[in-house]
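Engineer: Take a look at final_22.cif, mmCIF, C-alpha atoms; chains and numbers go by the auth columns:
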```cif
data_data
loop_
_atom_site.group_PDB
_atom_site.id
_atom_site.type_symbol
_atom_site.label_atom_id
_atom_site.label_comp_id
_atom_site.label_asym_id
_atom_site.label_seq_id
_atom_site.Cartn_x
_atom_site.Cartn_y
_atom_site.Cartn_z
_atom_site.B_iso_or_equiv
_atom_site.auth_seq_id
_atom_site.auth_asym_id
ATOM 1 C CA MET A 1 113.303 125.922 108.041 0.00 14 A
ATOM 2 C CA GLN A 2 116.807 124.476 107.720 0.00 15 A
ATOM 3 C CA LYS A 3 118.298 127.949 107.222 0.00 16 A
ATOM 4 C CA MET A 4 116.407 129.270 110.248 0.00 17 A
ATOM 5 C CA ARG A 5 117.827 126.474 112.410 0.00 18 A
ATOM 6 C CA GLU A 6 121.344 127.150 111.142 0.00 19 A
ATOM 7 C CA MET A 7 120.999 130.892 111.793 0.00 20 A
ATOM 8 C CA PHE A 8 119.710 130.265 115.315 0.00 21 A
ATOM 9 C CA ILE A 9 122.475 127.822 116.238 0.00 22 A
ATOM 10 C CA SER A 10 125.185 130.031 114.711 0.00 23 A
ATOM 11 C CA LYS A 11 124.488 132.850 117.192 0.00 24 A
ATOM 12 C CA PRO A 12 127.205 133.198 119.889 0.00 25 A
ATOM 13 C CA GLY A 13 124.868 132.365 122.758 0.00 26 A
ATOM 14 C CA ASN A 14 123.530 129.218 121.079 0.00 27 A
ATOM 15 C CA GLN A 15 126.768 127.411 120.243 0.00 28 A
ATOM 16 C CA HIS A 16 125.996 124.659 122.765 0.00 29 A
ATOM 17 C CA ILE A 17 122.730 123.701 121.023 0.00 30 A
ATOM 18 C CA LEU A 18 122.785 120.567 118.870 0.00 31 A
ATOM 19 C CA GLU A 19 120.583 120.233 115.793 0.00 32 A
ATOM 20 C CA LEU A 20 118.498 117.058 115.778 0.00 33 A
ATOM 21 C CA ARG A 21 116.017 115.709 113.263 0.00 34 A
ATOM 22 C CA CYS A 22 112.929 113.682 114.162 0.00 35 A
ATOM 23 C CA PHE A 23 113.842 109.990 113.973 0.00 36 A
ATOM 24 C CA ALA A 24 110.223 108.824 114.241 0.00 37 A
ATOM 25 C CA HIS A 25 109.252 111.032 111.296 0.00 38 A
ATOM 26 C CA ALA A 26 112.004 109.468 109.184 0.00 39 A
ATOM 27 C CA ILE A 27 110.654 105.975 109.897 0.00 40 A
ATOM 28 C CA ASN A 28 107.146 107.176 109.072 0.00 41 A
ATOM 29 C CA LEU A 29 108.409 108.445 105.725 0.00 42 A
ATOM 30 C CA ILE A 30 109.979 105.051 104.983 0.00 43 A
ATOM 31 C CA ALA A 31 106.681 103.250 105.556 0.00 44 A
ATOM 32 C CA GLU A 32 104.745 105.901 103.639 0.00 45 A
ATOM 33 C CA THR A 33 107.053 105.584 100.627 0.00 46 A
ATOM 34 C CA LEU A 34 106.572 101.805 100.490 0.00 47 A
ATOM 35 C CA HIS A 35 102.885 102.307 99.537 0.00 48 A
ATOM 36 C CA THR A 36 101.377 99.678 101.816 0.00 49 A
ATOM 37 C CA ILE A 37 98.379 97.600 100.763 0.00 50 A
ATOM 38 C CA VAL A 38 95.917 98.753 103.410 0.00 51 A
ATOM 39 C CA LYS A 39 94.925 102.243 104.536 0.00 52 A
ATOM 40 C CA THR A 40 95.364 102.261 108.293 0.00 53 A
ATOM 41 C CA ARG A 41 97.846 103.440 110.876 0.00 54 A
ATOM 42 C CA TRP A 42 101.085 102.248 109.372 0.00 55 A
ATOM 43 C CA SER A 43 102.228 100.800 112.700 0.00 56 A
ATOM 44 C CA SER A 44 99.292 98.378 112.310 0.00 57 A
ATOM 45 C CA VAL A 45 100.200 97.477 108.744 0.00 58 A
ATOM 46 C CA ALA A 46 102.408 94.556 109.831 0.00 59 A
ATOM 47 C CA LYS A 47 99.445 92.937 111.609 0.00 60 A
ATOM 48 C CA CYS A 48 97.173 93.545 108.625 0.00 61 A
ATOM 49 C CA LEU A 49 99.700 91.949 106.286 0.00 62 A
ATOM 50 C CA THR A 50 99.970 88.954 108.613 0.00 63 A
ATOM 51 C CA LEU A 51 96.195 88.514 108.427 0.00 64 A
ATOM 52 C CA PHE A 52 96.310 88.682 104.627 0.00 65 A
ATOM 53 C CA ILE A 53 98.822 85.832 104.601 0.00 66 A
ATOM 54 C CA LEU A 54 96.942 83.720 107.163 0.00 67 A
ATOM 55 C CA LEU A 55 93.613 84.145 105.383 0.00 68 A
ATOM 56 C CA ARG A 56 94.913 83.418 101.901 0.00 69 A
ATOM 57 C CA ALA A 57 94.249 79.648 101.949 0.00 70 A
ATOM 58 C CA PRO A 58 90.742 79.882 103.513 0.00 71 A
ATOM 59 C CA LEU A 59 89.757 82.593 101.034 0.00 72 A
ATOM 60 C CA GLU A 60 91.007 80.575 98.073 0.00 73 A
ATOM 61 C CA VAL A 61 88.978 77.572 99.238 0.00 74 A
ATOM 62 C CA LEU A 62 85.930 79.746 99.817 0.00 75 A
ATOM 63 C CA VAL A 63 85.847 81.270 96.324 0.00 76 A
ATOM 64 C CA ALA A 64 86.717 77.924 94.722 0.00 77 A
ATOM 65 C CA ILE A 65 83.629 76.351 96.295 0.00 78 A
ATOM 66 C CA ASP A 66 81.221 79.207 95.665 0.00 79 A
ATOM 67 C CA LYS A 67 82.180 82.260 93.605 0.00 80 A
ATOM 68 C CA SER A 68 78.898 83.953 94.462 0.00 81 A
ATOM 69 C CA ARG A 69 80.204 84.646 97.974 0.00 82 A
ATOM 70 C CA ALA A 70 82.379 87.541 96.778 0.00 83 A
ATOM 71 C CA PRO A 71 82.393 90.194 94.024 0.00 84 A
ATOM 72 C CA ALA A 72 84.371 89.404 90.889 0.00 85 A
ATOM 73 C CA LYS A 73 86.948 92.081 91.753 0.00 86 A
ATOM 74 C CA VAL A 74 87.645 90.457 95.135 0.00 87 A
ATOM 75 C CA ILE A 75 87.872 86.994 93.562 0.00 88 A
ATOM 76 C CA ASN A 76 90.413 88.257 91.047 0.00 89 A
ATOM 77 C CA ILE A 77 92.545 89.622 93.879 0.00 90 A
ATOM 78 C CA ILE A 78 92.326 86.381 95.878 0.00 91 A
ATOM 79 C CA ASN A 79 93.409 84.381 92.835 0.00 92 A
ATOM 80 C CA ASN A 80 96.213 86.793 91.995 0.00 93 A
ATOM 81 C CA ARG A 81 99.475 85.138 93.075 0.00 94 A
ATOM 82 C CA LEU A 82 101.460 88.311 92.411 0.00 95 A
ATOM 83 C CA PHE A 83 99.276 90.191 94.906 0.00 96 A
ATOM 84 C CA PHE A 84 100.121 87.792 97.730 0.00 97 A
ATOM 85 C CA HIS A 85 103.745 87.644 96.642 0.00 98 A
ATOM 86 C CA ASP A 86 103.956 91.423 97.060 0.00 99 A
ATOM 87 C CA ILE A 87 102.300 91.153 100.462 0.00 100 A
ATOM 88 C CA GLU A 88 104.786 88.522 101.610 0.00 101 A
ATOM 89 C CA ASN A 89 107.711 90.704 100.549 0.00 102 A
ATOM 90 C CA LEU A 90 106.247 93.760 102.255 0.00 103 A
ATOM 91 C CA HIS A 91 105.520 91.726 105.380 0.00 104 A
ATOM 92 C CA LYS A 92 109.223 90.933 105.756 0.00 105 A
ATOM 93 C CA ILE A 93 110.199 94.586 106.169 0.00 106 A
ATOM 94 C CA MET A 94 107.192 96.093 107.992 0.00 107 A
ATOM 95 C CA PRO A 95 107.518 94.296 111.393 0.00 108 A
ATOM 96 C CA PRO A 96 111.055 95.672 111.967 0.00 109 A
ATOM 97 C CA LEU A 97 109.791 99.174 111.162 0.00 110 A
ATOM 98 C CA ALA A 98 106.820 98.731 113.504 0.00 111 A
ATOM 99 C CA TYR A 99 109.133 97.492 116.273 0.00 112 A
ATOM 100 C CA ALA A 100 111.470 100.441 115.749 0.00 113 A
ATOM 101 C CA MET A 101 108.586 102.902 115.932 0.00 114 A
ATOM 102 C CA THR A 102 107.359 101.345 119.192 0.00 115 A
ATOM 103 C CA ILE A 103 110.770 101.923 120.768 0.00 116 A
ATOM 104 C CA ILE A 104 111.222 105.407 119.317 0.00 117 A
ATOM 105 C CA GLN A 105 107.839 106.592 120.631 0.00 118 A
ATOM 106 C CA SER A 106 108.640 105.481 124.179 0.00 119 A
ATOM 107 C CA SER A 107 108.675 108.275 126.769 0.00 120 A
ATOM 108 C CA SER A 108 112.043 107.031 128.045 0.00 121 A
ATOM 109 C CA ILE A 109 113.809 107.013 124.668 0.00 122 A
ATOM 110 C CA THR A 110 117.391 108.320 124.595 0.00 123 A
ATOM 111 C CA LEU A 111 119.798 109.188 121.793 0.00 124 A
ATOM 112 C CA ALA A 112 121.678 106.006 122.672 0.00 125 A
ATOM 113 C CA ASP A 113 118.491 104.030 121.996 0.00 126 A
ATOM 114 C CA CYS A 114 118.163 105.855 118.672 0.00 127 A
ATOM 115 C CA TYR A 115 121.664 104.705 117.770 0.00 128 A
ATOM 116 C CA LEU A 116 120.778 101.085 118.565 0.00 129 A
ATOM 117 C CA ILE A 117 117.539 101.289 116.571 0.00 130 A
ATOM 118 C CA LEU A 118 119.425 102.876 113.683 0.00 131 A
ATOM 119 C CA SER A 119 121.921 99.997 113.714 0.00 132 A
ATOM 120 C CA TYR A 120 119.079 97.476 113.952 0.00 133 A
ATOM 121 C CA LEU A 121 117.247 98.952 110.959 0.00 134 A
ATOM 122 C CA CYS A 122 120.393 99.119 108.842 0.00 135 A
ATOM 123 C CA LEU A 123 121.270 95.479 109.570 0.00 136 A
ATOM 124 C CA THR A 124 117.677 94.318 109.064 0.00 137 A
ATOM 125 C CA THR A 125 117.367 96.173 105.778 0.00 138 A
ATOM 126 C CA ASP A 126 120.681 94.834 104.495 0.00 139 A
ATOM 127 C CA LYS A 127 119.555 91.293 105.334 0.00 140 A
ATOM 128 C CA PHE A 128 116.214 91.896 103.628 0.00 141 A
ATOM 129 C CA VAL A 129 117.839 93.249 100.471 0.00 142 A
ATOM 130 C CA VAL A 130 120.147 90.236 100.226 0.00 143 A
ATOM 131 C CA ASN A 131 117.513 87.562 100.915 0.00 144 A
ATOM 132 C CA THR A 132 114.453 88.893 99.111 0.00 145 A
ATOM 133 C CA GLU A 133 113.824 87.213 95.755 0.00 146 A
ATOM 134 C CA THR A 134 112.269 90.231 94.086 0.00 147 A
ATOM 135 C CA GLN A 135 115.321 92.249 93.043 0.00 148 A
ATOM 136 C CA THR A 136 113.416 95.364 91.975 0.00 149 A
ATOM 137 C CA PHE A 137 111.526 95.611 95.251 0.00 150 A
ATOM 138 C CA ASN A 138 114.508 94.895 97.492 0.00 151 A
ATOM 139 C CA LYS A 139 116.635 97.520 95.739 0.00 152 A
ATOM 140 C CA PHE A 140 113.796 100.009 96.120 0.00 153 A
ATOM 141 C CA VAL A 141 113.485 99.300 99.866 0.00 154 A
ATOM 142 C CA GLY A 142 117.240 99.563 100.328 0.00 155 A
ATOM 143 C CA LYS A 143 117.312 102.910 98.526 0.00 156 A
ATOM 144 C CA VAL A 144 114.401 104.326 100.537 0.00 157 A
ATOM 145 C CA VAL A 145 115.893 103.312 103.894 0.00 158 A
ATOM 146 C CA ASP A 146 119.342 104.614 102.952 0.00 159 A
ATOM 147 C CA ILE A 147 117.933 108.007 101.983 0.00 160 A
ATOM 148 C CA ARG A 148 115.793 108.415 105.097 0.00 161 A
ATOM 149 C CA LEU A 149 118.379 107.206 107.629 0.00 162 A
ATOM 150 C CA LYS A 150 121.476 108.781 106.097 0.00 163 A
ATOM 151 C CA GLU A 151 121.072 112.027 108.042 0.00 164 A
ATOM 152 C CA PHE A 152 121.100 110.087 111.330 0.00 165 A
ATOM 153 C CA GLN A 153 124.309 108.201 110.589 0.00 166 A
ATOM 154 C CA ASN A 154 126.582 110.683 112.307 0.00 167 A
ATOM 155 C CA ASP A 155 128.880 110.782 115.300 0.00 168 A
ATOM 156 C CA LEU A 156 126.313 112.475 117.550 0.00 169 A
ATOM 157 C CA TYR A 157 124.284 109.283 117.992 0.00 170 A
ATOM 158 C CA LEU A 158 127.458 107.227 118.258 0.00 171 A
ATOM 159 C CA SER A 159 128.678 109.549 121.027 0.00 172 A
ATOM 160 C CA ALA A 160 125.350 109.238 122.837 0.00 173 A
ATOM 161 C CA TYR A 161 125.729 105.458 122.802 0.00 174 A
ATOM 162 C CA TYR A 162 129.288 105.786 124.100 0.00 175 A
ATOM 163 C CA LEU A 163 128.258 108.128 126.925 0.00 176 A
ATOM 164 C CA HIS A 164 125.222 106.147 128.079 0.00 177 A
ATOM 165 C CA PRO A 165 126.136 104.553 131.449 0.00 178 A
ATOM 166 C CA LYS A 166 124.400 101.307 130.499 0.00 179 A
ATOM 167 C CA TYR A 167 126.457 100.743 127.344 0.00 180 A
ATOM 168 C CA ARG A 168 129.766 102.617 127.776 0.00 181 A
ATOM 169 C CA SER A 169 130.906 101.848 124.235 0.00 182 A
ATOM 170 C CA ALA A 170 130.124 98.119 124.546 0.00 183 A
ATOM 171 C CA GLY A 171 131.115 96.380 121.312 0.00 184 A
ATOM 172 C CA MET A 172 132.526 99.554 119.825 0.00 185 A
ATOM 173 C CA LEU A 173 135.634 99.238 117.660 0.00 186 A
ATOM 174 C CA THR A 174 138.691 101.480 117.956 0.00 187 A
ATOM 175 C CA VAL A 175 137.608 103.509 114.935 0.00 188 A
ATOM 176 C CA GLY A 176 134.296 104.196 116.686 0.00 189 A
ATOM 177 C CA ARG A 177 135.997 105.396 119.853 0.00 190 A
ATOM 178 C CA SER A 178 138.266 107.652 117.823 0.00 191 A
ATOM 179 C CA ALA A 179 135.217 109.149 116.110 0.00 192 A
ATOM 180 C CA VAL A 180 133.613 109.831 119.502 0.00 193 A
ATOM 181 C CA TYR A 181 136.745 111.484 120.909 0.00 194 A
ATOM 182 C CA ARG A 182 137.047 113.633 117.800 0.00 195 A
ATOM 183 C CA TYR A 183 133.379 114.647 117.855 0.00 196 A
ATOM 184 C CA LEU A 184 133.379 115.530 121.560 0.00 197 A
ATOM 185 C CA ALA A 185 136.682 117.395 121.243 0.00 198 A
ATOM 186 C CA GLU A 186 135.215 119.475 118.410 0.00 199 A
ATOM 187 C CA TYR A 187 132.092 120.151 120.466 0.00 200 A
ATOM 188 C CA SER A 188 134.230 121.177 123.450 0.00 201 A
ATOM 189 C CA LYS A 189 136.063 123.650 121.243 0.00 202 A
ATOM 190 C CA LYS A 190 132.786 124.863 119.739 0.00 203 A
ATOM 191 C CA ILE A 191 131.364 125.858 123.129 0.00 204 A
ATOM 192 C CA GLY A 192 134.490 127.827 124.009 0.00 205 A
ATOM 193 C CA ASN A 193 136.726 125.441 125.945 0.00 206 A
ATOM 194 C CA ASN A 194 140.477 125.818 125.534 0.00 207 A
ATOM 195 C CA LEU A 195 142.860 123.026 124.551 0.00 208 A
ATOM 196 C CA ALA A 196 143.743 122.128 128.150 0.00 209 A
ATOM 197 C CA THR A 197 140.079 121.721 129.111 0.00 210 A
ATOM 198 C CA THR A 198 139.387 119.647 126.012 0.00 211 A
ATOM 199 C CA LYS A 199 142.292 117.331 126.846 0.00 212 A
ATOM 200 C CA ASN A 200 140.893 116.921 130.353 0.00 213 A
ATOM 201 C CA VAL A 201 137.516 115.999 128.850 0.00 214 A
ATOM 202 C CA ILE A 202 139.081 113.289 126.674 0.00 215 A
ATOM 203 C CA SER A 203 141.061 111.977 129.639 0.00 216 A
ATOM 204 C CA ALA A 204 137.872 111.811 131.703 0.00 217 A
ATOM 205 C CA LEU A 205 136.158 109.920 128.884 0.00 218 A
ATOM 206 C CA GLN A 206 138.887 107.300 128.901 0.00 219 A
ATOM 207 C CA ARG A 207 138.501 106.825 132.672 0.00 220 A
ATOM 208 C CA TYR A 208 134.737 106.685 132.233 0.00 221 A
ATOM 209 C CA GLU A 209 135.072 103.961 129.624 0.00 222 A
ATOM 210 C CA ILE A 210 137.084 101.665 131.913 0.00 223 A
ATOM 211 C CA LYS A 211 135.014 102.608 134.998 0.00 224 A
ATOM 212 C CA SER A 212 137.965 104.102 136.809 0.00 225 A
ATOM 213 C CA GLY A 213 137.739 106.228 139.956 0.00 226 A
ATOM 214 C CA PRO A 214 134.447 108.128 140.288 0.00 227 A
ATOM 215 C CA TYR A 215 133.153 106.412 137.142 0.00 228 A
ATOM 216 C CA ALA A 216 133.109 102.956 138.738 0.00 229 A
ATOM 217 C CA LEU A 217 129.403 103.153 139.581 0.00 230 A
ATOM 218 C CA HIS A 218 127.012 100.533 138.222 0.00 231 A
ATOM 219 C CA PHE A 219 124.111 101.542 136.010 0.00 232 A
ATOM 220 C CA THR A 220 120.626 101.080 137.476 0.00 233 A
ATOM 221 C CA GLN A 221 117.629 101.233 135.143 0.00 234 A
ATOM 222 C CA GLY A 222 115.090 103.794 136.353 0.00 235 A
ATOM 223 C CA LYS A 223 111.382 103.015 136.530 0.00 236 A
#
```
Can you give me the file's structure in the form of structure tokens?
Structural biologist:
Amino acid sequence: MQKMREMFISKPGNQHILELRCFAHAINLIAETLHTIVKTRWSSVAKCLTLFILLRAPLEVLVAIDKSRAPAKVINIINNRLFFHDIENLHKIMPPLAYAMTIIQSSSITLADCYLILSYLCLTTDKFVVNTETQTFNKFVGKVVDIRLKEFQNDLYLSAYYLHPKYRSAGMLTVGRSAVYRYLAEYSKKIGNNLATTKNVISALQRYEIKSGPYALHFTQGK
């Protein structure tokens, strides 16, 4: 499939086409790899894990009073501290993934939004890896997220964030702007523009960034 995409895009008439991977599928693969406790829609896993945590104390009291109320297998699980410890660790990472999926599946999603979600997941995962007590699990989560999101950490999404009229490179460092200019200049050359046209594009981007001239319009969120 990858070779077919590359062959299609390499044709002279398709140079303007950009190759994109499915961001939502990547997040699904992260959740799938974590081997969640319950078998349900993974976007609902966070809620299920929350219920496990909330019901832990009542269940422990229940089986302590009368063990006949539940099968021995269930009682062993309820009394297993490691089981709930694993749930608590998993619960710390699943809500951010569920939130990200909710945004990604929106009908109004843009590549700029994908960039923001990508940044959010990277920061959240880094924080999780640092704070989680279980070293083996946190390293595993960090590795899984890094592998799945690596292909999206490119200048295309950064450029989309830069070009979005709502953001206009807000908070972007000089190195980020340079990466955007370089990426868009390469794309301009790729689609057949000459050097003079490419320079005009970069000049227009700089005016766009500072809202100069025709780029001084304010962004209005559509319904």
Engineer: Considering all atoms listed in the file, state which residue in the set A:Thr233, A:Thr211, A:Asn41, A:Thr115 is at the smallest distance from Arg161 (chain A).
Structural biologist: A:Asn41
Engineer: Starting from the PyMOL selection byres ((chain A and resi 180) around 12), expand the selection into actual residues of this file and give them as a PDB file with C-alpha atoms, keeping the file's coordinate frame.
Structural biologist:
```pdb
ATOM      1  CA  ALA A 125     121.678 106.006 122.672  1.00  0.00           C
ATOM      2  CA  ASP A 126     118.491 104.030 121.996  1.00  0.00           C
ATOM      3  CA  TYR A 128     121.664 104.705 117.770  1.00  0.00           C
ATOM      4  CA  LEU A 129     120.778 101.085 118.565  1.00  0.00           C
ATOM      5  CA  LEU A 171     127.458 107.227 118.258  1.00  0.00           C
ATOM      6  CA  SER A 172     128.678 109.549 121.027  1.00  0.00           C
ATOM      7  CA  ALA A 173     125.350 109.238 122.837  1.00  0.00           C
ATOM      8  CA  TYR A 174     125.729 105.458 122.802  1.00  0.00           C
ATOM      9  CA  TYR A 175     129.288 105.786 124.100  1.00  0.00           C
ATOM     10  CA  LEU A 176     128.258 108.128 126.925  1.00  0.00           C
ATOM     11  CA  HIS A 177     125.222 106.147 128.079  1.00  0.00           C
ATOM     12  CA  PRO A 178     126.136 104.553 131.449  1.00  0.00           C
ATOM     13  CA  LYS A 179     124.400 101.307 130.499  1.00  0.00           C
ATOM     14  CA  ARG A 181     129.766 102.617 127.776  1.00  0.00           C
ATOM     15  CA  SER A 182     130.906 101.848 124.235  1.00  0.00           C
ATOM     16  CA  ALA A 183     130.124  98.119 124.546  1.00  0.00           C
ATOM     17  CA  GLY A 184     131.115  96.380 121.312  1.00  0.00           C
ATOM     18  CA  MET A 185     132.526  99.554 119.825  1.00  0.00           C
ATOM     19  CA  TYR A 221     134.737 106.685 132.233  1.00  0.00           C
ATOM     20  CA  GLU A 222     135.072 103.961 129.624  1.00  0.00           C
ATOM     21  CA  ILE A 223     137.084 101.665 131.913  1.00  0.00           C
ATOM     22  CA  LYS A 224     135.014 102.608 134.998  1.00  0.00           C
ATOM     23  CA  HIS A 231     127.012 100.533 138.222  1.00  0.00           C
ATOM     24  CA  PHE A 232     124.111 101.542 136.010  1.00  0.00           C
ATOM     25  CA  THR A 233     120.626 101.080 137.476  1.00  0.00           C
ATOM     26  CA  GLN A 234     117.629 101.233 135.143  1.00  0.00           C
TER      27      GLN A 234
END
```
Engineer: Just say which residues the PyMOL selection byres ((chain A and resi 166) around 12) picks in this file, as a list in words.
Structural biologist: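 When the PyMOL selection byres ((chain A and resi 166) around 12) is applied, the selected residues are Leu33, Arg34, Phe36, Cys127, Tyr128, Leu129, Ile130, Leu131, Ser132, Leu134, Cys135, Val158, Asp159, Ile160, Arg161, Leu162, Lys163, Glu164, Phe165, Asn167, Asp168, Leu169, Tyr170, Leu171 and Ser172 of chain A.
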Engineer: Could you please take those selected residues and save C-alpha atoms as a tab-separated table (two decimals), keeping the file's coordinate frame?
Structural biologist:
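Final output, saved to result-v8.tsv:
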```
chain	number	residue	atom	x	y	z
A	33	LEU	CA	118.50	117.06	115.78
A	34	ARG	CA	116.02	115.71	113.26
A	36	PHE	CA	113.84	109.99	113.97
A	127	CYS	CA	118.16	105.86	118.67
A	128	TYR	CA	121.66	104.70	117.77
A	129	LEU	CA	120.78	101.08	118.56
A	130	ILE	CA	117.54	101.29	116.57
A	131	LEU	CA	119.42	102.88	113.68
A	132	SER	CA	121.92	100.00	113.71
A	134	LEU	CA	117.25	98.95	110.96
A	135	CYS	CA	120.39	99.12	108.84
A	158	VAL	CA	115.89	103.31	103.89
A	159	ASP	CA	119.34	104.61	102.95
A	160	ILE	CA	117.93	108.01	101.98
A	161	ARG	CA	115.79	108.42	105.10
A	162	LEU	CA	118.38	107.21	107.63
A	163	LYS	CA	121.48	108.78	106.10
A	164	GLU	CA	121.07	112.03	108.04
A	165	PHE	CA	121.10	110.09	111.33
A	167	ASN	CA	126.58	110.68	112.31
A	168	ASP	CA	128.88	110.78	115.30
A	169	LEU	CA	126.31	112.48	117.55
A	170	TYR	CA	124.28	109.28	117.99
A	171	LEU	CA	127.46	107.23	118.26
A	172	SER	CA	128.68	109.55	121.03
```
Engineer: Distance CA of Leu75 (chain A)-CA of Ala59 (chain A), one decimal place?
Structural biologist: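 Separation between CA of Leu75 (chain A) and CA of Ala59 (chain A): 24.3 Å.
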Engineer: Pick out the residues sitting within 8 Å of region 153-157 of chain A, and hand them over as a PyMOL selection string; count all atoms listed in the file, and ignore anything fewer than 2 positions along from it in its own chain.
Structural biologist: chain A and resi 43+46-47+138-139+142+149-151+159-161
Engineer: Give the answer as one residue: which of A:Pro108, A:Leu230, A:Ile100, A:Glu73 has the shortest atom-to-atom distance to Val87 (chain A), using all atoms listed in the file?
Structural biologist: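 So, comparing all the options, the nearest one is A:Glu73.
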Engineer: Of the candidates A:Leu95, A:Ile66, A:Ile215, A:Leu186, which shows the shortest atom-to-atom distance to Glu199 (chain A), using only C-alpha atoms?
Structural biologist: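 When distances to Glu199 (chain A) are compared using only C-alpha atoms, the smallest one comes from A:Ile215.
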Engineer: Hey, can you check how far CA of Ser120 (chain A) sits from CA of Ile40 (chain A)?
Structural biologist: 17.1 Å
Engineer: Using all atoms listed in the file, pick whichever of A:Gly189, A:Lys140, A:His29, A:Ser57 has the shortest atom-to-atom distance to Lys152 (chain A).
Structural biologist: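 Nearest candidate to Lys152 (chain A) out of A:Gly189, A:Lys140, A:His29, A:Ser57: A:Lys140.
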Engineer: When you draw a straight line from CA of Ala37 (chain A) to CA of Met114 (chain A), how long is it in Å?
Structural biologist: 6.4 Å
Engineer: So which one's closest to Phe97 (chain A), A:Pro84, A:Val74, A:Leu62, A:Lys212? Using only C-alpha atoms, please.
Structural biologist: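 Among A:Pro84, A:Val74, A:Leu62, A:Lys212, it is A:Leu62 that comes nearest to Phe97 (chain A).
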